[in-house]
Number of protein chains: 6
Amino acid sequence: MTWLPSLMTATPEEGFDLAIKLSRMAVKKTQPDDAARSRMRPDYANNADSLTMVSQVVAANFQTVAAANNYWRN
Amino acid sequence: MTWLPSLMTATPEEGFDLAIKLSRMAVKKTQPDDAARSRMRPDYANNADSLTMVSQVVAANFQTVAAANNYWRN
Amino acid sequence: MTWLPSLMTATPEEGFDLAIKLSRMAVKKTQPDDAARSRMRPDYANNADSLTMVSQVVAANFQTVAAANNYWRN
Amino acid sequence: MTWLPSLMTATPEEGFDLAIKLSRMAVKKTQPDDAARSRMRPDYANNADSLTMVSQVVAANFQTVAAANNYWRN
Amino acid sequence: MTWLPSLMTATPEEGFDLAIKLSRMAVKKTQPDDAARSRMRPDYANNADSLTMVSQVVAANFQTVAAANNYWRN
Amino acid sequence: MTWLPSLMTATPEEGFDLAIKLSRMAVKKTQPDDAARSRMRPDYANNADSLTMVSQVVAANFQTVAAANNYWRN
């Protein structure tokens, strides 16, 4: 079993959700301790700049997923 | 119903608005509490660097949307 | 009337100016209050790192505009 | 022997792991002292913004690896 | 006369210099006062993170210039 | 003589080293004083976020070098 079987998604919205998943997985692989990540959640979820930084990561990953799906053009 | 039916837009300006929507949606999916996000608004709306960071996210998402639309060349 | 009729420009320099416009427009759409933006101007115009961050946003938007114009190769 | 024989991977998940490896290798080549890097680990592993920054680097490298693999489309 | 007649350069090194020029020009267009920019020079020229940020902007602009020149492959 | 005769490299690892060289050269061209750069080395070599920022620059330059080399696919 793999957490990332494919970059292909049926819809743009699913592609955006995959971009979020990729963003979080890089964090998880750097800090695998679930409790540690949970403790940090209020730090970024209540800070405007932290949330903007998260959005920047999602944007980069969405570039990848959207290109992979040929922008769901067809 | 989906908030992101397509990356295609009729005009570049609509594409730019979609890039802003994508940027905000990543924030919303990370911090779904509307009141929490509203409380943070003055933090970034009145800080030059915060606004520049927001503009950076929009630029990344606009790259995706513009490519998807083949830069509205035709 | 639209502020962004097209990503096409006659010259690379006009393309660079459009990249600056895109960068500022994302700020304006996030903070529409002209007076508020004017008050913040000294904050970033006199701070080296703030200016570098602005330049980063322009670079990202110039990537989009340059690609749209096929790098003004012909 | 090379630590980077190829950008090709069999699966998207292996490609993501390679993106993480690339991200860490750039750090290692800048700070080759293993003990120094180990000492810094708590600094970023317990800081939300630091982890987001790490995720941003991984996203950039994953763009490269995914493009190299033609997004594992076939 | 234009400061940016073309993105084409004869060599990769000239392309890199053009990327630096683009990075500085975005700063200059945001802060046109030469004296103000000169005063800020020690702030970033003697700060490691500031210099890394400058390098990030140059990297983004070099992506554009290199693509424009088809990576000087021929 | 040029420090950047080509973006082509024989292997991915050499391409990664070139990406590091590009990242450092942008710093060097902004702060040409060797002694000044040496003095700053401990500032970023012992700071986790600084090293992550360096890795971000390398990732951007590696995107360029990898694309130039068609990802060393053949």
# chains A, B, ... in the order shown; residues from 1 in each chain; ligands from 1

call {"tool": "closest_atom_pairs", "arguments": {"of": "chain A", "to": "chain D", "cutoff": "9 Å", "atoms": "only C-alpha atoms", "output": "Markdown table"}}
result
| residue | atom | partner | partner_atom | distance |
| --- | --- | --- | --- | --- |
| A:Thr2 | CA | D:Glu13 | CA | 7.0 |
| A:Trp3 | CA | D:Glu13 | CA | 7.3 |
| A:Leu4 | CA | D:Glu13 | CA | 5.4 |
| A:Pro5 | CA | D:Pro12 | CA | 6.6 |
| A:Ser6 | CA | D:Pro12 | CA | 6.2 |
| A:Leu7 | CA | D:Tyr71 | CA | 6.9 |
| A:Met8 | CA | D:Arg73 | CA | 7.7 |
| A:Leu22 | CA | D:Ala59 | CA | 7.9 |
| A:Ser23 | CA | D:Ser55 | CA | 6.0 |
| A:Arg24 | CA | D:Ser55 | CA | 7.6 |
| A:Met25 | CA | D:Ser55 | CA | 8.2 |
| A:Ala26 | CA | D:Ser55 | CA | 5.1 |
| A:Val27 | CA | D:Leu51 | CA | 5.7 |
| A:Lys28 | CA | D:Leu51 | CA | 8.9 |
| A:Lys29 | CA | D:Ile20 | CA | 8.6 |
| A:Thr30 | CA | D:Ala45 | CA | 6.8 |
| A:Gln31 | CA | D:Ala45 | CA | 5.6 |
| A:Ala36 | CA | D:Asn46 | CA | 6.9 |
| A:Arg37 | CA | D:Asn46 | CA | 7.8 |
| A:Arg39 | CA | D:Asn46 | CA | 9.0 |
| A:Met40 | CA | D:Ala48 | CA | 5.8 |
| A:Arg41 | CA | D:Ala48 | CA | 7.4 |
| A:Asp43 | CA | D:Ala48 | CA | 6.6 |
| A:Tyr44 | CA | D:Ala48 | CA | 6.2 |
| A:Ser50 | CA | D:Asp49 | CA | 6.2 |
| A:Met53 | CA | D:Thr52 | CA | 6.8 |
| A:Val54 | CA | D:Thr52 | CA | 6.2 |
| A:Gln56 | CA | D:Gln56 | CA | 7.5 |
| A:Val57 | CA | D:Gln56 | CA | 5.0 |
| A:Val58 | CA | D:Ala59 | CA | 8.4 |
| A:Ala60 | CA | D:Ala59 | CA | 6.0 |
| A:Asn61 | CA | D:Ala59 | CA | 5.6 |
| A:Gln63 | CA | D:Gln63 | CA | 7.9 |
| A:Thr64 | CA | D:Gln63 | CA | 5.6 |
| A:Val65 | CA | D:Tyr71 | CA | 8.4 |
| A:Ala67 | CA | D:Tyr71 | CA | 8.3 |
| A:Ala68 | CA | D:Tyr71 | CA | 5.3 |
| A:Asn69 | CA | D:Tyr71 | CA | 8.6 |

call {"tool": "write_last_selection", "arguments": {"atoms": "N, CA and C atoms", "output": "short mmCIF file (atom, residue, chain, number, x, y, z; two decimals), in the first residue's frame"}}
result
data_model
loop_
_atom_site.label_atom_id
_atom_site.label_comp_id
_atom_site.auth_asym_id
_atom_site.auth_seq_id
_atom_site.Cartn_x
_atom_site.Cartn_y
_atom_site.Cartn_z
N THR A 2 0.47 2.23 -0.77
CA THR A 2 1.20 3.50 -0.82
C THR A 2 0.24 4.65 -0.54
N TRP A 3 0.75 5.70 0.09
CA TRP A 3 -0.10 6.87 0.34
C TRP A 3 -0.22 7.73 -0.92
N LEU A 4 0.56 7.42 -1.94
CA LEU A 4 0.56 8.24 -3.15
C LEU A 4 0.58 7.35 -4.39
N PRO A 5 -0.53 6.71 -4.67
CA PRO A 5 -0.54 5.77 -5.79
C PRO A 5 -0.40 6.48 -7.15
N SER A 6 -0.82 7.74 -7.21
CA SER A 6 -0.83 8.42 -8.50
C SER A 6 -1.01 9.92 -8.28
N LEU A 7 -0.56 10.71 -9.25
CA LEU A 7 -0.85 12.15 -9.21
C LEU A 7 -2.13 12.49 -9.97
N MET A 8 -2.71 11.49 -10.60
CA MET A 8 -3.91 11.74 -11.39
C MET A 8 -5.13 11.80 -10.46
N LEU A 22 0.07 16.34 -0.07
CA LEU A 22 1.52 16.35 -0.32
C LEU A 22 2.21 17.32 0.64
N SER A 23 1.58 18.48 0.84
CA SER A 23 2.17 19.50 1.72
C SER A 23 2.30 18.98 3.15
N ARG A 24 1.26 18.29 3.61
CA ARG A 24 1.28 17.78 4.98
C ARG A 24 2.21 16.57 5.12
N MET A 25 2.32 15.78 4.06
CA MET A 25 3.15 14.58 4.15
C MET A 25 4.64 14.95 4.29
N ALA A 26 5.04 16.03 3.65
CA ALA A 26 6.45 16.45 3.81
C ALA A 26 6.72 16.85 5.25
N VAL A 27 5.74 17.46 5.89
CA VAL A 27 5.88 17.80 7.31
C VAL A 27 5.94 16.53 8.16
N LYS A 28 5.04 15.62 7.86
CA LYS A 28 4.95 14.37 8.63
C LYS A 28 6.24 13.55 8.52
N LYS A 29 6.83 13.55 7.35
CA LYS A 29 8.07 12.78 7.17
C LYS A 29 9.25 13.46 7.86
N THR A 30 9.14 14.75 8.11
CA THR A 30 10.20 15.46 8.83
C THR A 30 9.98 15.38 10.33
N GLN A 31 8.73 15.43 10.74
CA GLN A 31 8.37 15.29 12.16
C GLN A 31 7.33 14.18 12.26
N ALA A 36 3.60 15.58 18.58
CA ALA A 36 4.37 16.82 18.39
C ALA A 36 3.69 17.71 17.35
N ARG A 37 3.25 17.09 16.26
CA ARG A 37 2.58 17.89 15.23
C ARG A 37 1.28 18.48 15.75
N ARG A 39 0.58 19.32 18.82
CA ARG A 39 0.89 20.42 19.74
C ARG A 39 1.19 21.72 18.99
N MET A 40 1.78 21.59 17.78
CA MET A 40 2.13 22.79 17.00
C MET A 40 0.95 23.38 16.26
N ARG A 41 -0.13 22.65 16.15
CA ARG A 41 -1.25 23.12 15.31
C ARG A 41 -1.73 24.53 15.66
N ASP A 43 -0.13 26.90 16.80
CA ASP A 43 0.89 27.89 16.43
C ASP A 43 0.67 28.44 15.02
N TYR A 44 0.33 27.54 14.09
CA TYR A 44 0.17 28.05 12.72
C TYR A 44 -1.29 28.31 12.36
N SER A 50 1.72 32.38 9.11
CA SER A 50 1.92 30.92 9.04
C SER A 50 0.95 30.30 8.05
N MET A 53 2.04 31.01 4.57
CA MET A 53 3.14 30.11 4.20
C MET A 53 2.62 28.72 3.83
N VAL A 54 1.66 28.24 4.58
CA VAL A 54 1.06 26.94 4.24
C VAL A 54 0.42 27.02 2.85
N GLN A 56 1.28 28.86 0.44
CA GLN A 56 2.36 28.90 -0.56
C GLN A 56 2.82 27.48 -0.90
N VAL A 57 2.93 26.64 0.09
CA VAL A 57 3.34 25.25 -0.17
C VAL A 57 2.28 24.53 -0.99
N VAL A 58 1.02 24.72 -0.61
CA VAL A 58 -0.06 24.09 -1.36
C VAL A 58 -0.05 24.55 -2.82
N ALA A 60 2.50 25.45 -4.60
CA ALA A 60 3.59 24.78 -5.33
C ALA A 60 3.21 23.34 -5.66
N ASN A 61 2.62 22.67 -4.70
CA ASN A 61 2.22 21.29 -4.98
C ASN A 61 1.06 21.22 -5.97
N GLN A 63 0.66 23.22 -8.44
CA GLN A 63 1.29 23.37 -9.76
C GLN A 63 1.67 22.00 -10.32
N THR A 64 2.25 21.17 -9.46
CA THR A 64 2.68 19.84 -9.89
C THR A 64 1.49 18.97 -10.26
N VAL A 65 0.50 18.92 -9.38
CA VAL A 65 -0.66 18.06 -9.60
C VAL A 65 -1.45 18.52 -10.83
N ALA A 67 -0.33 20.20 -13.46
CA ALA A 67 0.43 19.85 -14.67
C ALA A 67 0.30 18.37 -14.97
N ALA A 68 0.39 17.55 -13.92
CA ALA A 68 0.27 16.09 -14.11
C ALA A 68 -1.05 15.73 -14.77
N ASN A 69 -2.09 16.45 -14.42
CA ASN A 69 -3.43 16.17 -14.94
C ASN A 69 -3.75 16.98 -16.19
#

call {"tool": "calpha_fit_and_write", "arguments": {"fixed": "chain E", "moving": "chain D", "output": "short mmCIF file (atom, residue, chain, number, x, y, z; two decimals) with C-alpha atoms, in the first residue's frame"}}
result
data_model
loop_
_atom_site.label_atom_id
_atom_site.label_comp_id
_atom_site.auth_asym_id
_atom_site.auth_seq_id
_atom_site.Cartn_x
_atom_site.Cartn_y
_atom_site.Cartn_z
CA MET D 1 15.75 53.24 -25.17
CA THR D 2 14.77 50.35 -22.94
CA TRP D 3 16.65 48.73 -20.07
CA LEU D 4 15.33 45.34 -21.23
CA PRO D 5 15.56 45.04 -25.01
CA SER D 6 15.48 41.25 -24.96
CA LEU D 7 15.70 38.16 -22.75
CA MET D 8 18.12 36.59 -25.19
CA THR D 9 21.79 36.48 -24.22
CA ALA D 10 24.81 35.08 -25.96
CA THR D 11 25.99 32.96 -23.05
CA PRO D 12 24.69 31.42 -19.78
CA GLU D 13 26.86 33.82 -17.78
CA GLU D 14 25.32 36.84 -19.49
CA GLY D 15 21.94 35.27 -18.78
CA PHE D 16 22.78 35.04 -15.11
CA ASP D 17 23.83 38.69 -15.09
CA LEU D 18 20.51 39.57 -16.71
CA ALA D 19 18.71 37.64 -13.95
CA ILE D 20 20.53 39.78 -11.38
CA LYS D 21 19.55 42.91 -13.30
CA LEU D 22 15.88 41.87 -13.33
CA SER D 23 16.02 41.23 -9.59
CA ARG D 24 17.46 44.66 -8.89
CA MET D 25 15.16 46.46 -11.29
CA ALA D 26 12.07 45.25 -9.42
CA VAL D 27 13.57 46.78 -6.27
CA LYS D 28 14.43 50.00 -8.08
CA LYS D 29 10.92 50.35 -9.47
CA THR D 30 9.50 49.90 -5.96
CA GLN D 31 12.03 52.23 -4.31
CA PRO D 32 13.25 54.63 -7.03
CA ASP D 33 15.26 56.79 -4.61
CA ASP D 34 18.91 55.91 -5.28
CA ALA D 35 20.07 57.27 -1.93
CA ALA D 36 17.47 55.24 -0.04
CA ARG D 37 18.60 52.04 -1.75
CA SER D 38 22.25 52.84 -1.05
CA ARG D 39 21.52 53.36 2.63
CA MET D 40 19.92 49.91 2.81
CA ARG D 41 22.83 48.13 1.15
CA PRO D 42 24.73 47.29 4.38
CA ASP D 43 21.49 45.86 5.80
CA TYR D 44 21.35 43.01 3.31
CA ALA D 45 24.98 42.77 2.19
CA ASN D 46 26.04 41.80 5.70
CA ASN D 47 23.17 39.53 6.61
CA ALA D 48 23.30 35.89 5.60
CA ASP D 49 19.54 35.36 5.34
CA SER D 50 19.09 38.57 3.35
CA LEU D 51 21.68 37.38 0.86
CA THR D 52 19.98 34.00 0.61
CA MET D 53 16.72 35.78 -0.13
CA VAL D 54 18.42 37.78 -2.86
CA SER D 55 19.79 34.55 -4.31
CA GLN D 56 16.25 33.13 -4.31
CA VAL D 57 15.03 36.03 -6.44
CA VAL D 58 17.93 35.63 -8.85
CA ALA D 59 17.14 31.92 -9.13
CA ALA D 60 13.54 32.68 -10.11
CA ASN D 61 14.60 35.20 -12.71
CA PHE D 62 17.31 32.88 -14.02
CA GLN D 63 14.61 30.25 -14.58
CA THR D 64 12.88 32.72 -16.88
CA VAL D 65 16.00 33.82 -18.73
CA ALA D 66 17.30 30.27 -19.14
CA ALA D 67 13.96 29.07 -20.53
CA ALA D 68 13.87 32.05 -22.90
CA ASN D 69 17.26 31.04 -24.23
CA ASN D 70 16.29 27.39 -24.50
CA TYR D 71 19.00 26.79 -21.89
CA TRP D 72 21.71 27.78 -24.40
CA ARG D 73 21.57 24.18 -25.58
CA ASN D 74 22.83 24.79 -29.09
#

call {"tool": "select_by_dssp", "arguments": {"residues": "chain B", "states": "helix (DSSP H, G or I)", "output": "MDAnalysis selection string"}}
result
chainID B and resid 12:30 34:45 48:68 70:72
